[in-house]
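Novice: After the C-alpha cells below, expect a handful of questions from me.
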Amino acid sequence: MEQPDLGDLKHDRYGAKHLAFQEELISAARGEREVDLVLEVAEVANVFSGEVYRSDVAVHRGRVVGLDCLSARETMNLAGSVLAPGFIDGHVHLESSMVTPAEYARAVVPRGTTSVVADPHEIANVWGLEGLHYLLSSSAGIPLSVYLMLPSCVPATGMETSGAALEAEDLAGLMGHHQVLGLGEVMNYPGVIFRDQSVLQKIALARDKVVDGHAPGLSGRDLAAYISAGIHSDHECVSLEEAREKLRLGMSIFIRQGSAARNLNQLHPLVQPGNASNFLLCSDDRHPQDILEQGNLDSMLRLAVELGIDPLTALQMATINAAVHFLVHDRGAIAPGYRADIAVLEDLESFQVRGVIKDGRPAARAGELMYPCRPGCPPSPGG
C-alpha cells in the first residue's frame, strides 16, 4: 500500500483515505500485521521523557508505530547508534543559501535536518507571489519537509524599490495551504504598535495559525503591545536582558546561530530546565560554505553542548520545541503516530550524523543523499 501524501491526508481529514490510513497504523501498532521496517539495537533519545534507552523502533507507512520489536518486512541493525528525531530548523531564509530547495536538501538532510520553517520574504520582495509558489512547487518530491511562513513585510520598508508588494488579500489564498504554518516575522513593529490597518489585517489573516515576530530592542509597554497583537516569538535577541524580558512576557525565543547572526554564546545561560521548552534553535541565514564546512543544526547542537546545555535539552530545542510552537503535531519526536524522521547519531555530544531516515525510508548515509532530488529551476520575472 503506497505511503500517503501529507497534503492528501490534510484534505481528506475525515474521508475514506484517512480512515483507512488510521486503521492500518492501529493494526500495525497492535502487531496484527507485518510492519515495513524495524530499527534494532539502538539507543533512543526520548524528547518527551528526557531519557536515552535501548529500544527497537517499528515503522509503518512513514510513521513510528511502536518502540518494541514487531514482525517486519525489513530490519536495520543500528547497534552503537543513538536515534534522535530529525532536526527542525525553526526559522530560515532558504534564499540565503543561494541554491534551489533540492540542492539545499542535498546539503542539510545528511546532517540530520529533516524539516525547515522558511520565511521567504527575500524571494517575495523580488518575485512576489510567484516566488512563493515556486518554493512550494520546487520543494515537492525532495527528502526535506519545507514549510512556509507567509512574508508579512513585502516590501520590507516603503523606502526601498522592490519587485512586489503583498497585502493581506494577496496572501489570503495561500494561508490555507498545507505547507503554510502562519505569518512570517513581523518586522514592522511600529506598524503594530500604532495600529497600521494593513499590518493588523495580515496578523488577523493568520489568527488560527502562528505569527512570528521580529522586534530587536523592543521593550516595556511597546513590547507588551506588540505581543498583545498575537505575536509570540522573536529571533532577534542579542543580549540576556532582552531575551529574559521577552521570555517573561510569554515569547518563544529562537536562538540564531547562522552565517550573519550568532547568538548562542550570549543567550545560552538563560536556558534552564524550567524554561527550556520555550527555546528553539534556528539558522536564520546560513551560507553554503558554512553548511558544507561546519554543518547546520548539528553544528549548533555541538556548540550548545560545549557551552553546557544538557544534550537532551539541546535536542529538544532542535526538534519537539519547534514542532509544538508551529502546531505541527506529527514530527519532532520518536513516538507512535509521529513521522518517522530520524537522525542516526554517533552520540549526543558530537552529534555526528551517520544516517538519516525520512518518512520511514533511508534518505542519507555517511554524509550523502541516497537518491537524487529533481533539481527544480529558479523562477523568472514575469513568468
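How things are named: the first chain in the C-alpha cells is A, the next is B, and so on; residues count from 1 in each chain; ligands count from 1 in the order shown.
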Could you build a table of the residues in range 118-171 of chain A lying no more than 12 Å from range 342-363 of chain A, giving for each the nearest pair of atoms and their separation in Å rounded to one decimal place, using only C-alpha atoms, ordered by chain and ascending residue number, as a tab-separated table?
Specialist:
```
residue	atom	partner	partner_atom	distance
A:Gly141	CA	A:Lys358	CA	11.9
A:Ile142	CA	A:Ala363	CA	9.9
A:Pro143	CA	A:Lys358	CA	6.4
A:Leu144	CA	A:Lys358	CA	7.7
A:Ser145	CA	A:Lys358	CA	9.2
```
Novice: Save out the residues we just selected, N, CA and C atoms, as a JSON list (two decimals), in the first residue's frame.
Specialist:
```
[["chain", "number", "residue", "atom", "x", "y", "z"],
["A", 141, "GLY", "N", 8.65, 16.51, -3.57],
["A", 141, "GLY", "CA", 9.46, 15.41, -4.06],
["A", 141, "GLY", "C", 10.89, 15.41, -3.59],
["A", 142, "ILE", "N", 11.23, 16.23, -2.59],
["A", 142, "ILE", "CA", 12.58, 16.20, -2.04],
["A", 142, "ILE", "C", 12.51, 15.63, -0.62],
["A", 143, "PRO", "N", 13.60, 15.06, -0.11],
["A", 143, "PRO", "CA", 13.56, 14.43, 1.21],
["A", 143, "PRO", "C", 13.73, 15.42, 2.35],
["A", 144, "LEU", "N", 13.03, 16.54, 2.24],
["A", 144, "LEU", "CA", 13.06, 17.59, 3.25],
["A", 144, "LEU", "C", 11.68, 18.21, 3.30],
["A", 145, "SER", "N", 11.09, 18.27, 4.49],
["A", 145, "SER", "CA", 9.78, 18.93, 4.62],
["A", 145, "SER", "C", 10.01, 20.43, 4.71]]
```
Novice: Please provide as a PyMOL selection string all residues within 8 Å of Ala28 in chain A, with the sequence filter that same-chain residues fewer than 5 positions apart are discarded (counting only C-alpha atoms).
Specialist: chain A and resi 33-35+60+65
Novice: Rounded to one decimal, what separation in Å do you get between CA of Tyr338 in chain A and CA of Leu369 in chain A?
Specialist: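 The value is 22.4 Å.
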Novice: When you look at range 112-119 of chain A with a cut-off of 6 Å (counting only C-alpha atoms), what residues show up, excluding the ones that are within fewer than 3 positions of it in the same chain? I need them as a list in words.
Specialist: Gly86, Phe87, Ile88, Asp89, Gly90, His91, Val92, His93, Val108, Val109, Leu144, Ser145, Val146, Tyr147, Leu148, Met149, Gly184 and Ala343 of chain A
